[in-house]
file model38.csv (CSV, C-alpha atoms)
chain,number,residue,atom,x,y,z
A,1,MET,CA,105.2,65.5,68.0
A,2,ILE,CA,107.5,63.0,66.4
A,3,ARG,CA,107.2,59.5,67.8
A,4,ILE,CA,110.2,57.2,67.9
A,5,ARG,CA,111.1,53.9,69.4
A,6,PRO,CA,113.7,53.8,72.2
A,7,HIS,CA,116.3,51.9,70.1
A,8,LYS,CA,116.7,55.0,67.8
A,9,ILE,CA,118.0,57.0,70.7
A,10,LEU,CA,120.3,54.1,71.8
A,11,ASP,CA,121.6,53.9,68.2
A,12,LEU,CA,122.8,57.5,68.3
A,13,TYR,CA,125.6,56.3,70.6
A,14,LYS,CA,128.0,54.8,68.1
A,15,THR,CA,130.8,52.6,69.4
A,16,GLU,CA,133.4,50.2,68.0
A,17,ASN,CA,132.5,47.3,70.3
A,18,TYR,CA,130.3,46.3,73.1
A,19,HIS,CA,132.9,47.0,75.8
A,20,GLU,CA,132.7,50.7,74.9
A,21,ARG,CA,129.0,50.6,75.6
A,22,MET,CA,129.6,49.9,79.3
A,23,VAL,CA,128.1,52.7,81.4
A,24,ASN,CA,127.8,53.7,85.0
A,25,ILE,CA,124.3,53.3,86.6
A,26,LEU,CA,123.1,53.6,90.1
A,27,VAL,CA,121.2,50.6,91.5
A,28,PRO,CA,118.4,52.5,93.4
A,29,SER,CA,117.0,51.8,96.8
A,30,LYS,CA,113.3,52.0,97.7
A,31,TYR,CA,113.7,55.8,97.7
A,32,GLY,CA,113.2,57.3,94.2
A,33,PHE,CA,113.1,54.5,91.8
A,34,PRO,CA,113.6,55.8,88.2
A,35,SER,CA,112.7,53.8,85.1
A,36,ALA,CA,115.7,51.7,84.0
A,37,ILE,CA,115.0,52.3,80.3
A,38,GLU,CA,114.6,56.0,80.8
A,39,THR,CA,117.9,56.1,82.7
A,40,LEU,CA,119.7,54.2,79.9
A,41,LEU,CA,118.2,56.6,77.3
A,42,LEU,CA,119.4,59.6,79.3
A,43,ILE,CA,122.9,58.1,79.5
A,44,ALA,CA,122.9,57.2,75.8
A,45,LEU,CA,122.0,60.8,75.0
A,46,SER,CA,124.7,62.1,77.3
A,47,LYS,CA,127.2,59.8,75.5
A,48,ARG,CA,126.2,61.2,72.1
A,49,ILE,CA,126.1,64.8,73.2
A,50,LYS,CA,129.3,64.7,75.3
A,51,PRO,CA,128.3,67.8,77.3
A,52,LYS,CA,130.8,70.1,78.9
A,53,ILE,CA,128.1,71.7,81.1
A,54,GLY,CA,124.8,70.2,82.0
A,55,LEU,CA,121.7,71.5,83.7
A,56,GLU,CA,119.1,69.5,85.6
A,57,ILE,CA,115.9,71.1,86.8
A,58,GLY,CA,114.4,68.9,89.5
A,59,THR,CA,117.1,67.3,91.7
A,60,TYR,CA,114.8,65.3,93.9
A,61,LEU,CA,117.0,62.7,95.6
A,62,GLY,CA,119.9,63.2,93.1
A,63,ILE,CA,119.7,59.7,91.6
A,64,GLN,CA,119.5,60.9,88.0
A,65,THR,CA,122.0,63.6,88.9
A,66,LEU,CA,124.5,61.0,89.7
A,67,ASN,CA,123.6,58.8,86.8
A,68,LEU,CA,124.2,61.7,84.4
A,69,ILE,CA,127.4,63.2,85.8
A,70,SER,CA,129.0,59.7,86.1
A,71,ASN,CA,128.6,59.3,82.4
A,72,PHE,CA,129.4,62.8,81.3
A,73,PRO,CA,133.0,63.5,80.0
A,74,ASP,CA,135.6,63.6,82.8
A,75,ASN,CA,135.9,67.4,82.9
A,76,ALA,CA,132.1,68.1,82.6
A,77,ILE,CA,130.1,69.8,85.4
A,78,LEU,CA,126.4,69.5,86.1
A,79,TYR,CA,124.2,72.2,87.7
A,80,THR,CA,121.1,70.8,89.4
A,81,VAL,CA,118.2,72.9,90.6
A,82,ASP,CA,115.6,72.2,93.3
A,83,LEU,CA,113.4,74.3,95.6
A,84,ASP,CA,114.9,76.0,98.7
A,85,ASN,CA,112.9,75.9,101.9
A,86,ARG,CA,111.6,79.4,101.5
A,87,SER,CA,110.2,78.7,98.1
A,88,VAL,CA,108.6,75.5,99.4
A,89,ASP,CA,106.7,77.6,101.9
A,90,GLU,CA,105.8,80.4,99.4
A,91,ILE,CA,104.8,78.7,96.2
A,92,LYS,CA,101.6,76.7,95.4
A,93,GLN,CA,102.5,73.3,94.0
A,94,LEU,CA,100.4,70.6,92.4
A,95,SER,CA,99.6,67.9,95.0
A,96,ASN,CA,101.9,65.3,93.3
A,97,ASP,CA,104.7,67.8,93.1
A,98,LYS,CA,104.2,68.8,96.7
A,99,LYS,CA,104.5,65.2,97.8
A,100,VAL,CA,107.8,64.8,96.0
A,101,THR,CA,109.1,68.0,97.5
A,102,LEU,CA,108.3,66.9,101.0
A,103,GLU,CA,109.9,63.5,100.3
A,104,ARG,CA,113.1,65.3,99.2
A,105,ILE,CA,113.2,67.5,102.4
A,106,GLU,CA,112.7,64.4,104.5
A,107,CYS,CA,115.5,62.6,102.7
A,108,LEU,CA,118.1,65.3,102.4
A,109,HIS,CA,120.6,63.1,104.3
A,110,LYS,CA,120.2,60.5,101.5
A,111,ILE,CA,120.9,62.7,98.4
A,112,ALA,CA,122.6,60.2,96.1
A,113,TYR,CA,125.6,62.2,95.0
A,114,GLU,CA,126.6,63.6,98.5
A,115,LYS,CA,129.2,60.9,99.2
A,116,SER,CA,130.1,60.1,95.6
A,117,LEU,CA,133.4,60.7,93.7
A,118,TYR,CA,131.5,63.1,91.5
A,119,LYS,CA,130.3,65.6,94.1
A,120,ASN,CA,132.9,68.2,93.2
A,121,ARG,CA,131.5,68.3,89.7
A,122,ILE,CA,127.9,68.9,90.8
A,123,ILE,CA,126.7,72.4,91.6
A,124,GLN,CA,123.4,72.4,93.6
A,125,LEU,CA,121.2,75.5,93.2
A,126,LEU,CA,118.4,75.8,95.7
A,127,CYS,CA,115.8,78.2,94.3
A,128,ASP,CA,112.6,78.5,92.4
A,129,SER,CA,113.6,77.7,88.8
A,130,THR,CA,110.9,80.0,87.5
A,131,LYS,CA,112.3,83.0,89.3
A,132,PHE,CA,116.1,82.3,89.2
A,133,ASP,CA,118.2,84.6,87.0
A,134,PHE,CA,120.1,81.9,85.0
A,135,SER,CA,121.9,84.6,83.1
A,136,SER,CA,123.9,85.3,86.4
A,137,LEU,CA,125.6,81.9,85.8
A,138,ASP,CA,127.0,83.2,82.5
A,139,LYS,CA,126.9,79.7,81.1
A,140,LYS,CA,125.5,77.9,78.0
A,141,PHE,CA,124.5,74.3,78.4
A,142,ASN,CA,124.9,71.3,76.1
A,143,PHE,CA,122.6,69.0,78.0
A,144,ILE,CA,119.4,70.2,79.8
A,145,TYR,CA,117.1,67.8,81.6
A,146,ILE,CA,113.7,69.2,82.8
A,147,ASP,CA,111.9,67.2,85.6
A,148,GLY,CA,110.8,70.0,88.0
A,149,GLY,CA,107.4,71.4,88.6
A,150,HIS,CA,104.7,69.9,86.4
A,151,ASP,CA,102.1,72.7,86.4
A,152,TYR,CA,101.7,74.5,83.0
A,153,ASN,CA,103.3,77.7,84.2
A,154,THR,CA,106.4,76.0,85.6
A,155,ILE,CA,106.9,73.7,82.6
A,156,SER,CA,106.5,76.6,80.2
A,157,ILE,CA,109.0,78.9,82.0
A,158,ASP,CA,111.5,76.1,82.5
A,159,SER,CA,111.3,75.3,78.8
A,160,TYR,CA,111.6,78.9,77.8
A,161,ASN,CA,114.7,79.2,79.9
A,162,ALA,CA,116.1,76.0,78.5
A,163,PHE,CA,115.9,77.3,74.9
A,164,ASN,CA,117.6,80.5,76.0
A,165,LEU,CA,120.3,78.6,77.9
A,166,ILE,CA,121.1,75.9,75.4
A,167,ASP,CA,124.5,76.2,73.6
A,168,ASN,CA,123.4,77.0,70.0
A,169,SER,CA,127.0,76.8,68.8
A,170,SER,CA,127.5,73.1,69.4
A,171,LEU,CA,125.7,69.7,69.6
A,172,SER,CA,123.2,69.9,72.5
A,173,CYS,CA,119.8,68.7,73.6
A,174,ILE,CA,116.9,69.4,75.9
A,175,VAL,CA,115.1,66.4,77.5
A,176,TRP,CA,111.7,66.6,79.3
A,177,HIS,CA,110.4,64.0,81.7
A,178,ASP,CA,106.7,63.0,82.3
A,179,TYR,CA,105.3,63.5,78.8
A,180,GLY,CA,102.2,61.4,78.8
A,181,ASN,CA,102.2,60.7,82.5
A,182,PRO,CA,98.6,60.7,83.6
A,183,ASN,CA,99.6,62.3,86.9
A,184,HIS,CA,101.1,65.3,85.1
A,185,PRO,CA,98.8,66.1,82.1
A,186,ASN,CA,100.1,69.7,81.7
A,187,VAL,CA,103.5,68.4,80.5
A,188,LYS,CA,101.9,66.7,77.5
A,189,GLU,CA,99.6,69.7,76.8
A,190,PHE,CA,102.5,72.1,76.8
A,191,LEU,CA,104.9,69.9,74.7
A,192,ASP,CA,102.2,69.1,72.1
A,193,LYS,CA,101.8,72.8,71.5
A,194,LEU,CA,105.5,73.4,71.4
A,195,SER,CA,106.0,70.6,69.0
A,196,VAL,CA,104.0,72.5,66.4
A,197,GLU,CA,106.9,74.9,66.0
A,198,LYS,CA,109.9,72.7,67.0
A,199,ASP,CA,111.0,69.2,66.2
A,200,ILE,CA,110.4,67.3,69.5
A,201,PHE,CA,110.8,63.6,69.7
A,202,TYR,CA,108.7,61.5,72.0
A,203,VAL,CA,110.3,58.2,72.9
A,204,GLU,CA,107.5,55.6,72.9
A,205,GLY,CA,107.0,53.5,76.0
A,206,THR,CA,108.6,56.2,78.2
A,207,TYR,CA,107.8,59.6,79.6
A,208,LEU,CA,110.7,61.2,77.7
A,209,CYS,CA,110.8,63.9,75.0
A,210,VAL,CA,113.9,65.2,73.3
A,211,TYR,CA,114.9,68.3,71.3
A,212,PHE,CA,118.2,68.3,69.5
A,213,ASN,CA,120.3,71.3,68.4
A,214,LYS,CA,122.9,70.7,65.7
A,215,LEU,CA,122.4,66.9,65.5
A,216,ASP,CA,123.9,65.5,62.3
A,217,MET,CA,121.3,65.7,59.4
A,218,GLU,CA,121.7,62.0,58.7
A,219,GLU,CA,120.9,61.2,62.3
A,220,ILE,CA,117.8,63.5,62.1
A,221,LYS,CA,116.7,61.6,59.0
A,222,TYR,CA,117.2,58.3,60.8
A,223,LEU,CA,115.1,59.5,63.8
A,224,LYS,CA,112.3,60.7,61.5
A,225,LYS,CA,112.3,57.6,59.3
A,226,GLU,CA,109.1,55.6,59.9
A,227,ILE,CA,110.0,52.2,58.6
A,228,GLU,CA,113.4,50.6,59.1

call {"tool": "encode", "arguments": {"input": "model38.csv", "output": "structure tokens"}}
result
Amino acid sequence: MIRIRPHKILDLYKTENYHERMVNILVPSKYGFPSAIETLLLIALSKRIKPKIGLEIGTYLGIQTLNLISNFPDNAILYTVDLDNRSVDEIKQLSNDKKVTLERIECLHKIAYEKSLYKNRIIQLLCDSTKFDFSSLDKKFNFIYIDGGHDYNTISIDSYNAFNLIDNSSLSCIVWHDYGNPNHPNVKEFLDKLSVEKDIFYVEGTYLCVYFNKLDMEEIKYLKKEIE
């Protein structure tokens, strides 16, 4: 695992002036309160990648869904996946994941993007991500954000799918949430093993890990440089 400071991700987003660094960000309510720095890091990554098609695994209340799509290029679309009611009844979830799932079901009328200007660029898929046939979409994705089930089996299948779905022909990335979260130890266990064979960057002070495809070699060197 390659450890980096948050500013290195922010520095990947090159601009001519500060005005160009203005972004869209949702001010959350008491429901679903994501980390501000993690949100800004996700947005900075999206600004660097400039995805045409994104995939989010784990919609929850759609807050990060909206934060992402509102900062994607104007013609981009974002697929977002979360459990359908049948899967909720059938699968066995970790207690923390089950709690989040039940919260989402109770707050379906408060999904963040429902009344937004970006709704027509968001495609909601209700299914079990570990069983869904993503090849049926016939899409390759430039930006994949994994924040779904946190058990070892789910995180491994979601990650396996992500590497098959990523657009290898262009700049793209996979981002995982909850690395190092004591409530979800399986995420760290899995990603530590995966990092033996792939360059995965852990952003210190957050729960985010990132894998890049076709990032400029000078940028890779900068990320790996230990001393500024």

call {"tool": "residues_around", "arguments": {"input": "model38.csv", "residues": "region 221-224 of chain A", "least_positions_apart": "6", "cutoff": "8 Å", "atoms": "only C-alpha atoms", "output": "list in words"}}
result
Ile2, Ile4, Lys8 and Ile9 of chain A

call {"tool": "atom_distance", "arguments": {"input": "model38.csv", "atom1": "CA of Ser156 (chain A)", "atom2": "CA of Lys225 (chain A)"}}
result
28.8 Å

call {"tool": "closest_residue", "arguments": {"input": "model38.csv", "among": "A:Tyr118, A:Ala76, A:Ile25, A:Gly62", "to": "Ile37 (chain A)", "atoms": "only C-alpha atoms"}}
result
A:Ile25

call {"tool": "residues_near_point", "arguments": {"input": "model38.csv", "point": "(110.7, 65.4, 71.8)", "cutoff": "9 Å", "atoms": "only C-alpha atoms", "output": "ChimeraX atom specification"}}
result
/A:1-3,174-176,191,195,198-203,208-212

call {"tool": "residues_around", "arguments": {"input": "model38.csv", "residues": "region 41-53 of chain A", "least_positions_apart": "4", "cutoff": "7 Å", "atoms": "only C-alpha atoms", "output": "VMD selection string"}}
result
chain A and resid 9 to 10 12 to 13 37 68 71 to 73 76 to 78 141 to 143 171 to 172

call {"tool": "atom_distance", "arguments": {"input": "model38.csv", "atom1": "CA of Thr59 (chain A)", "atom2": "CA of Ile122 (chain A)"}}
result
11.0 Å

call {"tool": "residues_around", "arguments": {"input": "model38.csv", "residues": "Pro28 (chain A)", "least_positions_apart": "2", "cutoff": "12 Å", "atoms": "only C-alpha atoms", "output": "PyMOL selection string"}}
result
chain A and resi 25-26+30-36+39+61-64+66-67+110-112

call {"tool": "residues_around", "arguments": {"input": "model38.csv", "residues": "Ser170 (chain A)", "least_positions_apart": "4", "cutoff": "9 Å", "atoms": "all atoms listed in the file", "output": "VMD selection string"}}
result
chain A and resid 142 213 to 215

call {"tool": "closest_residue", "arguments": {"input": "model38.csv", "among": "A:Leu165, A:Glu204, A:Arg21, A:Ser70", "to": "Leu117 (chain A)", "atoms": "only C-alpha atoms"}}
result
A:Ser70

call {"tool": "atom_distance", "arguments": {"input": "model38.csv", "atom1": "CA of Val23 (chain A)", "atom2": "CA of Glu114 (chain A)"}}
result
20.3 Å

call {"tool": "closest_residue", "arguments": {"input": "model38.csv", "among": "A:Gln124, A:Ser159, A:Ser169, A:Thr154", "to": "Lys140 (chain A)", "atoms": "all atoms listed in the file"}}
result
A:Ser169

call {"tool": "residues_around", "arguments": {"input": "model38.csv", "residues": "Asp178 (chain A)", "least_positions_apart": "6", "cutoff": "9 Å", "atoms": "all atoms listed in the file", "output": "compact mmCIF listing (two decimals) with C-alpha atoms, in the coordinates of the input"}}
result
# COMPACT_ATOMS: atom_id res chain seq x y z
CA ASP A 147 111.90 67.20 85.60
CA HIS A 150 104.70 69.90 86.40
CA HIS A 184 101.10 65.30 85.10
CA PRO A 185 98.80 66.10 82.10
CA VAL A 187 103.50 68.40 80.50
CA LYS A 188 101.90 66.70 77.50
CA THR A 206 108.60 56.20 78.20
CA TYR A 207 107.80 59.60 79.60
CA LEU A 208 110.70 61.20 77.70
CA CYS A 209 110.80 63.90 75.00

call {"tool": "closest_residue", "arguments": {"input": "model38.csv", "among": "A:Asp128, A:Asp151, A:Glu16, A:Asp97", "to": "Thr80 (chain A)", "atoms": "all atoms listed in the file"}}
result
A:Asp128

call {"tool": "residues_near_point", "arguments": {"input": "model38.csv", "point": "(110.8, 51.0, 72.3)", "cutoff": "7 Å", "atoms": "only C-alpha atoms", "output": "number ranges by chain"}}
result
A: 5-7, 204-205

call {"tool": "closest_residue", "arguments": {"input": "model38.csv", "among": "A:Gln93, A:Ser116, A:Thr130, A:Asn85", "to": "Thr65 (chain A)", "atoms": "all atoms listed in the file"}}
result
A:Ser116

call {"tool": "closest_residue", "arguments": {"input": "model38.csv", "among": "A:Lys131, A:Lys14, A:His19, A:Lys193", "to": "Val81 (chain A)", "atoms": "all atoms listed in the file"}}
result
A:Lys131

call {"tool": "decode", "arguments": {"input": "model38.csv", "residues": "region 60-94 of chain A", "atoms": "N, CA and C atoms", "output": "PDB file, in the first residue's frame"}}
result
ATOM      1  N   TYR A  60     -26.602   4.618  -1.118  1.00  0.00           N
ATOM      2  CA  TYR A  60     -27.082   5.096   0.182  1.00  0.00           C
ATOM      3  C   TYR A  60     -28.114   6.198  -0.054  1.00  0.00           C
ATOM      4  N   LEU A  61     -27.885   7.417   0.404  1.00  0.00           N
ATOM      5  CA  LEU A  61     -28.867   8.493   0.235  1.00  0.00           C
ATOM      6  C   LEU A  61     -28.596   9.348  -0.999  1.00  0.00           C
ATOM      7  N   GLY A  62     -27.611   8.956  -1.785  1.00  0.00           N
ATOM      8  CA  GLY A  62     -27.346   9.671  -3.033  1.00  0.00           C
ATOM      9  C   GLY A  62     -26.597  10.980  -2.868  1.00  0.00           C
ATOM     10  N   ILE A  63     -26.019  11.203  -1.691  1.00  0.00           N
ATOM     11  CA  ILE A  63     -25.309  12.461  -1.451  1.00  0.00           C
ATOM     12  C   ILE A  63     -24.019  12.518  -2.272  1.00  0.00           C
ATOM     13  N   GLN A  64     -23.205  11.473  -2.178  1.00  0.00           N
ATOM     14  CA  GLN A  64     -21.987  11.475  -2.987  1.00  0.00           C
ATOM     15  C   GLN A  64     -22.308  11.293  -4.468  1.00  0.00           C
ATOM     16  N   THR A  65     -23.407  10.631  -4.758  1.00  0.00           N
ATOM     17  CA  THR A  65     -23.866  10.520  -6.145  1.00  0.00           C
ATOM     18  C   THR A  65     -24.019  11.908  -6.743  1.00  0.00           C
ATOM     19  N   LEU A  66     -24.705  12.772  -6.012  1.00  0.00           N
ATOM     20  CA  LEU A  66     -24.950  14.136  -6.479  1.00  0.00           C
ATOM     21  C   LEU A  66     -23.664  14.956  -6.495  1.00  0.00           C
ATOM     22  N   ASN A  67     -22.828  14.789  -5.478  1.00  0.00           N
ATOM     23  CA  ASN A  67     -21.551  15.506  -5.472  1.00  0.00           C
ATOM     24  C   ASN A  67     -20.697  15.130  -6.676  1.00  0.00           C
ATOM     25  N   LEU A  68     -20.717  13.865  -7.049  1.00  0.00           N
ATOM     26  CA  LEU A  68     -19.918  13.415  -8.186  1.00  0.00           C
ATOM     27  C   LEU A  68     -20.472  13.928  -9.506  1.00  0.00           C
ATOM     28  N   ILE A  69     -21.734  13.650  -9.785  1.00  0.00           N
ATOM     29  CA  ILE A  69     -22.288  13.988 -11.096  1.00  0.00           C
ATOM     30  C   ILE A  69     -22.289  15.492 -11.334  1.00  0.00           C
ATOM     31  N   SER A  70     -22.445  16.278 -10.289  1.00  0.00           N
ATOM     32  CA  SER A  70     -22.478  17.735 -10.464  1.00  0.00           C
ATOM     33  C   SER A  70     -21.101  18.314 -10.777  1.00  0.00           C
ATOM     34  N   ASN A  71     -20.065  17.488 -10.630  1.00  0.00           N
ATOM     35  CA  ASN A  71     -18.707  17.921 -10.961  1.00  0.00           C
ATOM     36  C   ASN A  71     -18.114  17.158 -12.141  1.00  0.00           C
ATOM     37  N   PHE A  72     -18.851  16.175 -12.655  1.00  0.00           N
ATOM     38  CA  PHE A  72     -18.442  15.483 -13.874  1.00  0.00           C
ATOM     39  C   PHE A  72     -18.616  16.436 -15.067  1.00  0.00           C
ATOM     40  N   PRO A  73     -17.980  16.145 -16.198  1.00  0.00           N
ATOM     41  CA  PRO A  73     -18.241  16.926 -17.412  1.00  0.00           C
ATOM     42  C   PRO A  73     -19.733  16.938 -17.755  1.00  0.00           C
ATOM     43  N   ASP A  74     -20.153  17.962 -18.472  1.00  0.00           N
ATOM     44  CA  ASP A  74     -21.582  18.186 -18.711  1.00  0.00           C
ATOM     45  C   ASP A  74     -22.295  17.031 -19.404  1.00  0.00           C
ATOM     46  N   ASN A  75     -21.602  16.287 -20.231  1.00  0.00           N
ATOM     47  CA  ASN A  75     -22.255  15.202 -20.974  1.00  0.00           C
ATOM     48  C   ASN A  75     -22.060  13.833 -20.327  1.00  0.00           C
ATOM     49  N   ALA A  76     -21.468  13.795 -19.136  1.00  0.00           N
ATOM     50  CA  ALA A  76     -21.194  12.515 -18.472  1.00  0.00           C
ATOM     51  C   ALA A  76     -22.444  11.960 -17.802  1.00  0.00           C
ATOM     52  N   ILE A  77     -22.456  10.645 -17.620  1.00  0.00           N
ATOM     53  CA  ILE A  77     -23.536   9.995 -16.880  1.00  0.00           C
ATOM     54  C   ILE A  77     -22.931   9.157 -15.756  1.00  0.00           C
ATOM     55  N   LEU A  78     -23.748   8.887 -14.756  1.00  0.00           N
ATOM     56  CA  LEU A  78     -23.286   8.132 -13.589  1.00  0.00           C
ATOM     57  C   LEU A  78     -24.283   7.034 -13.258  1.00  0.00           C
ATOM     58  N   TYR A  79     -23.812   5.795 -13.311  1.00  0.00           N
ATOM     59  CA  TYR A  79     -24.604   4.660 -12.840  1.00  0.00           C
ATOM     60  C   TYR A  79     -24.352   4.517 -11.342  1.00  0.00           C
ATOM     61  N   THR A  80     -25.405   4.260 -10.587  1.00  0.00           N
ATOM     62  CA  THR A  80     -25.236   4.049  -9.149  1.00  0.00           C
ATOM     63  C   THR A  80     -26.044   2.833  -8.716  1.00  0.00           C
ATOM     64  N   VAL A  81     -25.424   1.981  -7.920  1.00  0.00           N
ATOM     65  CA  VAL A  81     -25.992   0.676  -7.571  1.00  0.00           C
ATOM     66  C   VAL A  81     -26.281   0.587  -6.079  1.00  0.00           C
ATOM     67  N   ASP A  82     -27.466   0.088  -5.753  1.00  0.00           N
ATOM     68  CA  ASP A  82     -27.767  -0.247  -4.364  1.00  0.00           C
ATOM     69  C   ASP A  82     -28.779  -1.384  -4.349  1.00  0.00           C
ATOM     70  N   LEU A  83     -28.937  -1.984  -3.184  1.00  0.00           N
ATOM     71  CA  LEU A  83     -29.771  -3.177  -3.065  1.00  0.00           C
ATOM     72  C   LEU A  83     -31.242  -2.902  -3.349  1.00  0.00           C
ATOM     73  N   ASP A  84     -31.858  -3.830  -4.049  1.00  0.00           N
ATOM     74  CA  ASP A  84     -33.307  -3.808  -4.216  1.00  0.00           C
ATOM     75  C   ASP A  84     -33.942  -4.498  -3.007  1.00  0.00           C
ATOM     76  N   ASN A  85     -35.242  -4.320  -2.844  1.00  0.00           N
ATOM     77  CA  ASN A  85     -35.920  -4.861  -1.655  1.00  0.00           C
ATOM     78  C   ASN A  85     -35.786  -6.375  -1.546  1.00  0.00           C
ATOM     79  N   ARG A  86     -35.837  -7.062  -2.670  1.00  0.00           N
ATOM     80  CA  ARG A  86     -35.736  -8.527  -2.644  1.00  0.00           C
ATOM     81  C   ARG A  86     -34.364  -8.964  -2.125  1.00  0.00           C
ATOM     82  N   SER A  87     -33.326  -8.300  -2.605  1.00  0.00           N
ATOM     83  CA  SER A  87     -31.977  -8.649  -2.156  1.00  0.00           C
ATOM     84  C   SER A  87     -31.786  -8.355  -0.675  1.00  0.00           C
ATOM     85  N   VAL A  88     -32.395  -7.266  -0.211  1.00  0.00           N
ATOM     86  CA  VAL A  88     -32.313  -6.922   1.212  1.00  0.00           C
ATOM     87  C   VAL A  88     -32.860  -8.059   2.060  1.00  0.00           C
ATOM     88  N   ASP A  89     -33.945  -8.664   1.603  1.00  0.00           N
ATOM     89  CA  ASP A  89     -34.571  -9.760   2.342  1.00  0.00           C
ATOM     90  C   ASP A  89     -33.775 -11.057   2.245  1.00  0.00           C
ATOM     91  N   GLU A  90     -33.050 -11.233   1.134  1.00  0.00           N
ATOM     92  CA  GLU A  90     -32.411 -12.519   0.862  1.00  0.00           C
ATOM     93  C   GLU A  90     -30.974 -12.636   1.366  1.00  0.00           C
ATOM     94  N   ILE A  91     -30.209 -11.557   1.287  1.00  0.00           N
ATOM     95  CA  ILE A  91     -28.786 -11.682   1.608  1.00  0.00           C
ATOM     96  C   ILE A  91     -28.510 -11.419   3.085  1.00  0.00           C
ATOM     97  N   LYS A  92     -27.404 -11.974   3.547  1.00  0.00           N
ATOM     98  CA  LYS A  92     -26.978 -11.749   4.923  1.00  0.00           C
ATOM     99  C   LYS A  92     -25.918 -10.661   4.924  1.00  0.00           C
ATOM    100  N   GLN A  93     -26.208  -9.556   5.596  1.00  0.00           N
ATOM    101  CA  GLN A  93     -25.286  -8.433   5.652  1.00  0.00           C
ATOM    102  C   GLN A  93     -24.619  -8.326   7.020  1.00  0.00           C
ATOM    103  N   LEU A  94     -23.453  -7.691   7.035  1.00  0.00           N
ATOM    104  CA  LEU A  94     -22.849  -7.322   8.308  1.00  0.00           C
ATOM    105  C   LEU A  94     -23.777  -6.351   9.022  1.00  0.00           C
TER     106      LEU A  94
END
